[in-house]
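J.: Okay, so here is run29.pdb, and as you'll see once you scroll down, it has PDB, C-alpha atoms.
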```pdb
MODEL        1
ATOM      1  CA  MET H1316     -40.751 -16.007  76.817  1.00  0.00           C
ATOM      2  CA  ILE H1317     -38.312 -17.106  74.116  1.00  0.00           C
ATOM      3  CA  ARG H1318     -38.608 -14.970  70.961  1.00  0.00           C
ATOM      4  CA  LEU H1319     -37.872 -16.526  67.562  1.00  0.00           C
ATOM      5  CA  GLY H1320     -35.670 -14.436  65.264  1.00  0.00           C
ATOM      6  CA  GLU H1321     -34.365 -12.038  67.915  1.00  0.00           C
ATOM      7  CA  LYS H1322     -31.285 -11.596  70.048  1.00  0.00           C
ATOM      8  CA  GLN H1323     -32.164 -11.855  73.718  1.00  0.00           C
ATOM      9  CA  ILE H1324     -30.561 -12.431  77.092  1.00  0.00           C
ATOM     10  CA  LEU H1325     -31.579 -15.777  78.592  1.00  0.00           C
ATOM     11  CA  LYS H1326     -30.589 -17.501  81.814  1.00  0.00           C
ATOM     12  CA  VAL H1327     -28.810 -20.864  81.838  1.00  0.00           C
ATOM     13  CA  VAL H1328     -31.245 -23.312  83.500  1.00  0.00           C
ATOM     14  CA  ARG H1329     -29.428 -26.640  83.067  1.00  0.00           C
ATOM     15  CA  MET H1330     -26.287 -28.102  81.574  1.00  0.00           C
ATOM     16  CA  LYS H1331     -25.902 -31.249  79.506  1.00  0.00           C
ATOM     17  CA  GLU H1332     -22.911 -32.906  77.881  1.00  0.00           C
ATOM     18  CA  PHE H1333     -23.969 -31.549  74.457  1.00  0.00           C
ATOM     19  CA  GLY H1334     -24.661 -27.975  75.593  1.00  0.00           C
ATOM     20  CA  MET H1335     -26.873 -26.003  77.942  1.00  0.00           C
ATOM     21  CA  TYR H1336     -30.514 -25.037  78.052  1.00  0.00           C
ATOM     22  CA  VAL H1337     -31.315 -21.335  78.315  1.00  0.00           C
ATOM     23  CA  GLY H1338     -34.642 -19.729  79.194  1.00  0.00           C
ATOM     24  CA  ASP H1339     -36.631 -20.588  82.315  1.00  0.00           C
ATOM     25  CA  GLU H1340     -38.122 -23.682  83.949  1.00  0.00           C
ATOM     26  CA  LYS H1341     -41.261 -23.484  81.739  1.00  0.00           C
ATOM     27  CA  GLU H1342     -39.544 -22.886  78.406  1.00  0.00           C
ATOM     28  CA  ALA H1343     -35.923 -23.518  77.502  1.00  0.00           C
ATOM     29  CA  VAL H1344     -33.959 -23.877  74.274  1.00  0.00           C
ATOM     30  CA  LEU H1345     -30.690 -25.677  73.589  1.00  0.00           C
ATOM     31  CA  LEU H1346     -27.482 -23.682  73.184  1.00  0.00           C
ATOM     32  CA  PRO H1347     -25.105 -26.269  71.639  1.00  0.00           C
ATOM     33  CA  ARG H1348     -21.776 -26.724  73.419  1.00  0.00           C
ATOM     34  CA  LYS H1349     -19.743 -25.181  70.570  1.00  0.00           C
ATOM     35  CA  TYR H1350     -21.537 -21.835  71.186  1.00  0.00           C
ATOM     36  CA  VAL H1351     -21.335 -21.822  74.992  1.00  0.00           C
ATOM     37  CA  PRO H1352     -18.986 -19.063  76.224  1.00  0.00           C
ATOM     38  CA  ALA H1353     -16.093 -20.455  78.298  1.00  0.00           C
ATOM     39  CA  GLY H1354     -16.784 -20.503  82.030  1.00  0.00           C
ATOM     40  CA  THR H1355     -20.574 -20.229  81.689  1.00  0.00           C
ATOM     41  CA  LYS H1356     -22.518 -22.005  84.445  1.00  0.00           C
ATOM     42  CA  VAL H1357     -26.118 -22.559  85.590  1.00  0.00           C
ATOM     43  CA  GLY H1358     -27.657 -19.257  86.678  1.00  0.00           C
ATOM     44  CA  ASP H1359     -25.543 -17.135  84.312  1.00  0.00           C
ATOM     45  CA  SER H1360     -27.173 -15.026  81.606  1.00  0.00           C
ATOM     46  CA  VAL H1361     -26.121 -15.360  77.967  1.00  0.00           C
ATOM     47  CA  GLU H1362     -27.044 -13.257  74.927  1.00  0.00           C
ATOM     48  CA  VAL H1363     -28.308 -15.578  72.190  1.00  0.00           C
ATOM     49  CA  PHE H1364     -30.168 -15.519  68.888  1.00  0.00           C
ATOM     50  CA  VAL H1365     -32.994 -18.060  68.559  1.00  0.00           C
ATOM     51  CA  TYR H1366     -33.858 -19.727  65.249  1.00  0.00           C
ATOM     52  CA  ARG H1367     -34.821 -23.207  63.998  1.00  0.00           C
ATOM     53  CA  ASP H1368     -32.340 -25.944  63.162  1.00  0.00           C
ATOM     54  CA  SER H1369     -32.572 -28.272  60.139  1.00  0.00           C
ATOM     55  CA  SER H1370     -34.988 -30.495  62.123  1.00  0.00           C
ATOM     56  CA  ASP H1371     -37.273 -27.476  62.764  1.00  0.00           C
ATOM     57  CA  ARG H1372     -36.464 -27.361  66.502  1.00  0.00           C
ATOM     58  CA  LEU H1373     -35.829 -24.062  68.267  1.00  0.00           C
ATOM     59  CA  ILE H1374     -32.118 -23.616  68.899  1.00  0.00           C
ATOM     60  CA  ALA H1375     -29.947 -20.841  70.297  1.00  0.00           C
ATOM     61  CA  THR H1376     -26.618 -19.542  69.074  1.00  0.00           C
ATOM     62  CA  THR H1377     -24.140 -16.906  70.183  1.00  0.00           C
ATOM     63  CA  GLU H1378     -23.196 -16.315  66.531  1.00  0.00           C
ATOM     64  CA  GLU H1379     -24.201 -12.929  65.099  1.00  0.00           C
ATOM     65  CA  PRO H1380     -26.944 -13.138  62.433  1.00  0.00           C
ATOM     66  CA  ALA H1381     -26.888 -10.594  59.606  1.00  0.00           C
ATOM     67  CA  LEU H1382     -30.608  -9.897  60.244  1.00  0.00           C
ATOM     68  CA  GLN H1383     -33.077 -10.042  63.095  1.00  0.00           C
ATOM     69  CA  LEU H1384     -36.848 -10.252  62.816  1.00  0.00           C
ATOM     70  CA  GLY H1385     -38.261  -7.288  60.864  1.00  0.00           C
ATOM     71  CA  GLN H1386     -34.871  -5.948  59.785  1.00  0.00           C
ATOM     72  CA  VAL H1387     -33.738  -5.332  56.208  1.00  0.00           C
ATOM     73  CA  GLY H1388     -30.272  -6.195  54.932  1.00  0.00           C
ATOM     74  CA  LEU H1389     -28.255  -7.175  51.903  1.00  0.00           C
ATOM     75  CA  LEU H1390     -27.666 -10.955  51.797  1.00  0.00           C
ATOM     76  CA  CYS H1391     -25.756 -13.107  49.319  1.00  0.00           C
ATOM     77  CA  VAL H1392     -27.465 -15.971  47.471  1.00  0.00           C
ATOM     78  CA  LYS H1393     -25.631 -19.247  48.073  1.00  0.00           C
ATOM     79  CA  GLU H1394     -27.910 -21.479  46.031  1.00  0.00           C
ATOM     80  CA  THR H1395     -31.114 -21.281  43.989  1.00  0.00           C
ATOM     81  CA  GLY H1396     -33.682 -24.005  43.317  1.00  0.00           C
ATOM     82  CA  GLN H1397     -37.259 -24.594  42.190  1.00  0.00           C
ATOM     83  CA  ILE H1398     -38.846 -23.758  45.550  1.00  0.00           C
ATOM     84  CA  GLY H1399     -36.606 -20.830  46.427  1.00  0.00           C
ATOM     85  CA  ALA H1400     -33.120 -19.680  47.282  1.00  0.00           C
ATOM     86  CA  PHE H1401     -30.809 -20.045  50.245  1.00  0.00           C
ATOM     87  CA  LEU H1402     -29.010 -16.997  51.606  1.00  0.00           C
ATOM     88  CA  ASP H1403     -25.892 -16.589  53.725  1.00  0.00           C
ATOM     89  CA  TRP H1404     -26.854 -14.741  56.897  1.00  0.00           C
ATOM     90  CA  GLY H1405     -23.898 -15.685  59.089  1.00  0.00           C
ATOM     91  CA  LEU H1406     -25.426 -18.729  60.790  1.00  0.00           C
ATOM     92  CA  GLU H1407     -24.808 -22.439  60.346  1.00  0.00           C
ATOM     93  CA  LYS H1408     -28.187 -22.982  58.647  1.00  0.00           C
ATOM     94  CA  ASP H1409     -28.789 -20.837  55.552  1.00  0.00           C
ATOM     95  CA  LEU H1410     -31.848 -18.571  55.375  1.00  0.00           C
ATOM     96  CA  PHE H1411     -34.622 -19.672  53.000  1.00  0.00           C
ATOM     97  CA  LEU H1412     -36.079 -17.171  50.525  1.00  0.00           C
ATOM     98  CA  PRO H1413     -39.251 -18.768  49.074  1.00  0.00           C
ATOM     99  CA  PHE H1414     -39.847 -18.391  45.345  1.00  0.00           C
ATOM    100  CA  LYS H1415     -43.121 -16.491  46.006  1.00  0.00           C
ATOM    101  CA  GLU H1416     -41.173 -13.882  48.033  1.00  0.00           C
ATOM    102  CA  GLN H1417     -38.725 -13.140  45.201  1.00  0.00           C
ATOM    103  CA  THR H1418     -39.241 -10.035  43.061  1.00  0.00           C
ATOM    104  CA  VAL H1419     -36.571 -10.707  40.429  1.00  0.00           C
ATOM    105  CA  GLN H1420     -34.707 -13.742  39.132  1.00  0.00           C
ATOM    106  CA  LEU H1421     -31.813 -14.442  41.512  1.00  0.00           C
ATOM    107  CA  ARG H1422     -28.238 -15.397  40.712  1.00  0.00           C
ATOM    108  CA  SER H1423     -25.934 -17.337  43.020  1.00  0.00           C
ATOM    109  CA  GLY H1424     -23.127 -15.181  44.389  1.00  0.00           C
ATOM    110  CA  LYS H1425     -25.089 -11.921  44.021  1.00  0.00           C
ATOM    111  CA  SER H1426     -26.515  -9.989  46.981  1.00  0.00           C
ATOM    112  CA  TYR H1427     -30.082  -8.734  47.274  1.00  0.00           C
ATOM    113  CA  PRO H1428     -32.014  -6.675  49.846  1.00  0.00           C
ATOM    114  CA  VAL H1429     -34.319  -8.827  51.994  1.00  0.00           C
ATOM    115  CA  ALA H1430     -36.256  -8.650  55.262  1.00  0.00           C
ATOM    116  CA  LEU H1431     -36.572 -11.385  57.894  1.00  0.00           C
ATOM    117  CA  TYR H1432     -40.081 -12.598  58.785  1.00  0.00           C
ATOM    118  CA  ILE H1433     -41.836 -15.614  60.336  1.00  0.00           C
ATOM    119  CA  ASP H1434     -43.863 -17.650  57.833  1.00  0.00           C
ATOM    120  CA  LYS H1435     -47.169 -19.420  58.544  1.00  0.00           C
ATOM    121  CA  SER H1436     -45.229 -22.590  59.531  1.00  0.00           C
ATOM    122  CA  ARG H1437     -43.449 -20.565  62.264  1.00  0.00           C
ATOM    123  CA  ARG H1438     -40.096 -20.659  60.459  1.00  0.00           C
ATOM    124  CA  LEU H1439     -37.788 -17.744  59.772  1.00  0.00           C
ATOM    125  CA  CYS H1440     -37.697 -16.815  56.086  1.00  0.00           C
ATOM    126  CA  ALA H1441     -36.536 -13.958  53.884  1.00  0.00           C
ATOM    127  CA  THR H1442     -38.631 -11.773  51.599  1.00  0.00           C
ATOM    128  CA  MET H1443     -37.613  -9.343  48.879  1.00  0.00           C
ATOM    129  CA  LYS H1444     -40.936  -7.537  49.347  1.00  0.00           C
ATOM    130  CA  ILE H1445     -39.406  -5.104  51.826  1.00  0.00           C
ATOM    131  CA  TYR H1446     -41.598  -2.007  51.389  1.00  0.00           C
ATOM    132  CA  GLU H1447     -43.542  -2.601  54.627  1.00  0.00           C
ATOM    133  CA  TYR H1448     -40.309  -3.051  56.603  1.00  0.00           C
ATOM    134  CA  LEU H1449     -38.997   0.413  55.707  1.00  0.00           C
ATOM    135  CA  SER H1450     -39.905   3.706  57.377  1.00  0.00           C
ATOM    136  CA  SER H1451     -40.794   6.990  55.699  1.00  0.00           C
ATOM    137  CA  GLU H1452     -39.637   8.912  58.807  1.00  0.00           C
ATOM    138  CA  ALA H1453     -36.034   9.412  57.640  1.00  0.00           C
ATOM    139  CA  PRO H1454     -33.765  11.787  59.578  1.00  0.00           C
ATOM    140  CA  TYR H1455     -32.209  13.308  56.447  1.00  0.00           C
ATOM    141  CA  GLY H1456     -32.537  16.859  55.206  1.00  0.00           C
ATOM    142  CA  LYS H1457     -32.449  18.389  51.749  1.00  0.00           C
ATOM    143  CA  ASN H1458     -29.053  17.967  50.023  1.00  0.00           C
ATOM    144  CA  ASP H1459     -27.826  15.279  52.488  1.00  0.00           C
ATOM    145  CA  MET H1460     -25.896  12.467  50.803  1.00  0.00           C
ATOM    146  CA  VAL H1461     -27.396   9.032  51.499  1.00  0.00           C
ATOM    147  CA  GLU H1462     -26.487   5.467  50.596  1.00  0.00           C
ATOM    148  CA  GLY H1463     -28.831   2.636  49.888  1.00  0.00           C
ATOM    149  CA  VAL H1464     -29.676  -0.431  47.871  1.00  0.00           C
ATOM    150  CA  VAL H1465     -32.116  -0.716  44.974  1.00  0.00           C
ATOM    151  CA  TYR H1466     -35.062  -2.945  45.928  1.00  0.00           C
ATOM    152  CA  GLN H1467     -37.410  -2.224  43.000  1.00  0.00           C
ATOM    153  CA  VAL H1468     -37.216  -0.683  39.548  1.00  0.00           C
ATOM    154  CA  ASN H1469     -40.408   0.638  37.944  1.00  0.00           C
ATOM    155  CA  PRO H1470     -39.756   2.269  34.538  1.00  0.00           C
ATOM    156  CA  ASN H1471     -42.975   4.308  34.853  1.00  0.00           C
ATOM    157  CA  VAL H1472     -42.202   5.674  38.324  1.00  0.00           C
ATOM    158  CA  GLY H1473     -38.501   5.397  39.151  1.00  0.00           C
ATOM    159  CA  VAL H1474     -35.974   3.479  41.232  1.00  0.00           C
ATOM    160  CA  PHE H1475     -36.909   2.518  44.801  1.00  0.00           C
ATOM    161  CA  ILE H1476     -34.095   2.421  47.330  1.00  0.00           C
ATOM    162  CA  ALA H1477     -33.729   1.079  50.880  1.00  0.00           C
ATOM    163  CA  VAL H1478     -31.681   3.889  52.456  1.00  0.00           C
ATOM    164  CA  ASP H1479     -29.452   2.587  55.258  1.00  0.00           C
ATOM    165  CA  ASN H1480     -31.635  -0.580  55.215  1.00  0.00           C
ATOM    166  CA  LYS H1481     -34.231   1.386  57.215  1.00  0.00           C
ATOM    167  CA  TYR H1482     -35.873   4.124  55.148  1.00  0.00           C
ATOM    168  CA  HIS H1483     -37.779   4.551  51.885  1.00  0.00           C
ATOM    169  CA  GLY H1484     -36.021   6.362  49.089  1.00  0.00           C
ATOM    170  CA  MET H1485     -36.831   6.915  45.435  1.00  0.00           C
ATOM    171  CA  ILE H1486     -35.174   8.393  42.392  1.00  0.00           C
ATOM    172  CA  PRO H1487     -38.011   9.687  40.164  1.00  0.00           C
ATOM    173  CA  LYS H1488     -37.916   8.369  36.583  1.00  0.00           C
ATOM    174  CA  ASN H1489     -36.976  11.791  35.155  1.00  0.00           C
ATOM    175  CA  ASN H1490     -33.821  11.770  37.354  1.00  0.00           C
ATOM    176  CA  VAL H1491     -32.801   8.188  36.547  1.00  0.00           C
ATOM    177  CA  HIS H1492     -29.685   8.130  34.381  1.00  0.00           C
ATOM    178  CA  GLY H1493     -28.425   4.714  33.383  1.00  0.00           C
ATOM    179  CA  ARG H1494     -29.668   1.238  34.264  1.00  0.00           C
ATOM    180  CA  PHE H1495     -30.355   0.073  37.781  1.00  0.00           C
ATOM    181  CA  HIS H1496     -30.930  -3.472  39.024  1.00  0.00           C
ATOM    182  CA  VAL H1497     -32.262  -4.835  42.303  1.00  0.00           C
ATOM    183  CA  GLY H1498     -29.292  -5.178  44.648  1.00  0.00           C
ATOM    184  CA  ASP H1499     -27.272  -2.273  43.169  1.00  0.00           C
ATOM    185  CA  SER H1500     -25.688   0.107  45.682  1.00  0.00           C
ATOM    186  CA  VAL H1501     -26.674   3.734  45.232  1.00  0.00           C
ATOM    187  CA  ARG H1502     -25.307   6.999  46.580  1.00  0.00           C
ATOM    188  CA  ALA H1503     -27.571  10.011  46.043  1.00  0.00           C
ATOM    189  CA  ARG H1504     -28.401  13.472  47.312  1.00  0.00           C
ATOM    190  CA  VAL H1505     -31.757  14.055  49.016  1.00  0.00           C
ATOM    191  CA  GLY H1506     -33.917  16.351  46.893  1.00  0.00           C
TER     192      GLY H1506
ENDMDL
END
```
Output the file's structure as structure tokens, nothing else.
T.:
Amino acid sequence: MIRLGEKQILKVVRMKEFGMYVGDEKEAVLLPRKYVPAGTKVGDSVEVFVYRDSSDRLIATTEEPALQLGQVGLLCVKETGQIGAFLDWGLEKDLFLPFKEQTVQLRSGKSYPVALYIDKSRRLCATMKIYEYLSSEAPYGKNDMVEGVVYQVNPNVGVFIAVDNKYHGMIPKNNVHGRFHVGDSVRARVG
């Protein structure tokens, strides 16, 4: 089964002038010719990432996306508009961040922490509401130095940080010195 938003190894099932189809006889997706590794033939296996093209069709690429489904990462805003923003995630088609999934006002050229999810229309989108994508089972011990990115600032509670884009972190309000903004990089000691 072909999985949207994930890297996977798929078999080449047929070749066309414009590329090759990867998957199996029941379900296959186009890998455009410009992404086909040299010397690849029918029967070979290729590692691809599957997403949707601008016409909403499933398509495969051998390019490396900045995020896969369920992952958190720091992506740069290329453009903002009334319905949302478009982020650079290393693929030909930019990643859409709907307005309702934004937690702060975005600026073009600035990077923000987001997670990759599938919306109700079965398209890949970004969200800044990343709490549920982070784990509280961090491998760090007291006094370890960690690095992360601010994903929420609550003056009554503190600064919330995505540590290593995987774990929850927080600087309690009584330990916050200075101003923090969503997207700021932080280096702190575990308390």
J.: Using all atoms listed in the file, which residues sit within 9 Å of Gly1484 (chain H) once same-chain residues fewer than 5 positions away are excluded, as a PDB file with C-alpha atoms, in the frame of the given file?
T.:
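Below is the file that was written, part.pdb:
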```
ATOM      1  CA  SER H1451     -40.794   6.990  55.699  1.00  0.00           C
ATOM      2  CA  GLY H1463     -28.831   2.636  49.888  1.00  0.00           C
ATOM      3  CA  VAL H1474     -35.974   3.479  41.232  1.00  0.00           C
ATOM      4  CA  PHE H1475     -36.909   2.518  44.801  1.00  0.00           C
ATOM      5  CA  ILE H1476     -34.095   2.421  47.330  1.00  0.00           C
ATOM      6  CA  ALA H1477     -33.729   1.079  50.880  1.00  0.00           C
ATOM      7  CA  VAL H1478     -31.681   3.889  52.456  1.00  0.00           C
ATOM      8  CA  VAL H1505     -31.757  14.055  49.016  1.00  0.00           C
TER       9      VAL H1505
END
```
J.: Just give me the residues with any atom within 12 Å of (-17.1, -23.4, 76.2), file coordinates, counting all atoms listed in the file, written as a list in words.
T.: Met1330, Glu1332, Phe1333, Gly1334, Met1335, Leu1346, Pro1347, Arg1348, Lys1349, Tyr1350, Val1351, Pro1352, Ala1353, Gly1354, Thr1355, Lys1356 and Thr1377 of chain H
J.: Okay, now the selection with C-alpha atoms, as a compact mmCIF listing (two decimals), in the coordinates of the input?
T.:
```txt
# COMPACT_ATOMS: atom_id res chain seq x y z
CA MET H 1330 -26.29 -28.10 81.57
CA GLU H 1332 -22.91 -32.91 77.88
CA PHE H 1333 -23.97 -31.55 74.46
CA GLY H 1334 -24.66 -27.98 75.59
CA MET H 1335 -26.87 -26.00 77.94
CA LEU H 1346 -27.48 -23.68 73.18
CA PRO H 1347 -25.10 -26.27 71.64
CA ARG H 1348 -21.78 -26.72 73.42
CA LYS H 1349 -19.74 -25.18 70.57
CA TYR H 1350 -21.54 -21.84 71.19
CA VAL H 1351 -21.34 -21.82 74.99
CA PRO H 1352 -18.99 -19.06 76.22
CA ALA H 1353 -16.09 -20.45 78.30
CA GLY H 1354 -16.78 -20.50 82.03
CA THR H 1355 -20.57 -20.23 81.69
CA LYS H 1356 -22.52 -22.00 84.44
CA THR H 1377 -24.14 -16.91 70.18
```
J.: List the residues matched by the PyMOL selection byres ((chain H and resi 1379) around 12) in the displayed structure as a PyMOL selection string, ordered by chain and then by residue number.
T.: chain H and resi 1320-1323+1350+1362-1366+1375-1378+1380-1383+1404-1407
J.: For Arg1504 (chain H), work out the shell of residues within 6 Å, counting all atoms listed in the file and skipping chain neighbours fewer than 2 positions away, then give it as a PDB file with C-alpha atoms, keeping the file's coordinate frame.
T.:
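This went into part.pdb:
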```pdb
ATOM      1  CA  ASN H1458     -29.053  17.967  50.023  1.00  0.00           C
ATOM      2  CA  ASP H1459     -27.826  15.279  52.488  1.00  0.00           C
ATOM      3  CA  MET H1460     -25.896  12.467  50.803  1.00  0.00           C
TER       4      MET H1460
END
```
J.: Would you mind telling me which residue in H:Tyr1432, H:Tyr1427, H:Tyr1336, H:Tyr1482 lies nearest to Tyr1446 (chain H) when using only C-alpha atoms?
T.: H:Tyr1482
J.: Name the residues captured by the PyMOL selection byres ((chain H and resi 1497-1500) around 7) when it is applied to the shown file; answer as a list in words.
T.: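 Checking the PyMOL selection byres ((chain H and resi 1497-1500) around 7) against this file, the residues are Ser1426, Tyr1427, Pro1428, Gly1463, Val1464, Val1465, Tyr1466, Gln1467, Phe1495, His1496, Val1501 and Arg1502 of chain H.
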J.: With the PyMOL selection byres ((chain H and resi 1343) around 9) as the selection, what would be picked from this file? Answer as a PyMOL selection string, please.
T.: chain H and resi 1316-1317+1325+1327-1328+1336-1342+1344-1345
J.: Kindly export the residues of the current selection with C-alpha atoms, as a short mmCIF file (atom, residue, chain, number, x, y, z; two decimals), in the frame of the given file.
T.:
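result.cif, written as the output of this step:
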```
data_model
loop_
_atom_site.label_atom_id
_atom_site.label_comp_id
_atom_site.auth_asym_id
_atom_site.auth_seq_id
_atom_site.Cartn_x
_atom_site.Cartn_y
_atom_site.Cartn_z
CA MET H 1316 -40.75 -16.01 76.82
CA ILE H 1317 -38.31 -17.11 74.12
CA LEU H 1325 -31.58 -15.78 78.59
CA VAL H 1327 -28.81 -20.86 81.84
CA VAL H 1328 -31.24 -23.31 83.50
CA TYR H 1336 -30.51 -25.04 78.05
CA VAL H 1337 -31.32 -21.34 78.32
CA GLY H 1338 -34.64 -19.73 79.19
CA ASP H 1339 -36.63 -20.59 82.32
CA GLU H 1340 -38.12 -23.68 83.95
CA LYS H 1341 -41.26 -23.48 81.74
CA GLU H 1342 -39.54 -22.89 78.41
CA VAL H 1344 -33.96 -23.88 74.27
CA LEU H 1345 -30.69 -25.68 73.59
#
```
J.: Rank H:Gly1493, H:Pro1487, H:Gly1358, H:Gly1385 by their smallest atom-to-atom distance to Leu1431 (chain H), using all atoms listed in the file, and report the top residue only.
T.: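 Of the candidates, the smallest distance to Leu1431 (chain H) is held by H:Gly1385.
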J.: Figure out the distance between CA of Ser1436 (chain H) and CA of Arg1367 (chain H), please, to one decimal in Å.
T.: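 Straight-line distance from CA of Arg1367 (chain H) to CA of Ser1436 (chain H) works out to 11.3 Å.
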J.: Could you work out an axis-aligned box for region 1371-1374 of chain H, taking every atom the file lists and adding 8 Å on each side, and report centre and edge lengths in Å to one decimal, as AutoDock Vina command-line options?
T.:
```
--center_x -34.7 --center_y -25.5 --center_z 65.8 --size_x 21.2 --size_y 19.9 --size_z 22.1
```
J.: Could you tell me which of H:Val1392, H:Val1491, H:Ala1503, H:Leu1439 comes closest to Tyr1455 (chain H) if we count all atoms listed in the file?
T.: H:Ala1503
J.: Looking at H:Lys1444, H:Arg1438, H:Lys1326, H:Lys1457, which one is nearest to Val1419 (chain H), with distances taken over all atoms listed in the file?
T.: H:Lys1444
J.: Between CA of Val1429 (chain H) and CA of Thr1442 (chain H), measure the distance and give it in Å to one decimal.
T.: 5.2 Å
J.: Which is closer to Leu1412 (chain H) than all the others in H:Gly1506, H:Gly1424, H:Leu1384, H:Met1443, using only C-alpha atoms?
T.: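 Answer, going by the shortest atom-to-atom distance: H:Met1443.
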J.: CA of His1492 (chain H) to CA of Gly1473 (chain H): how many Å, to one decimal?
T.: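 Computed distance, CA of His1492 (chain H) to CA of Gly1473 (chain H), equals 10.4 Å.
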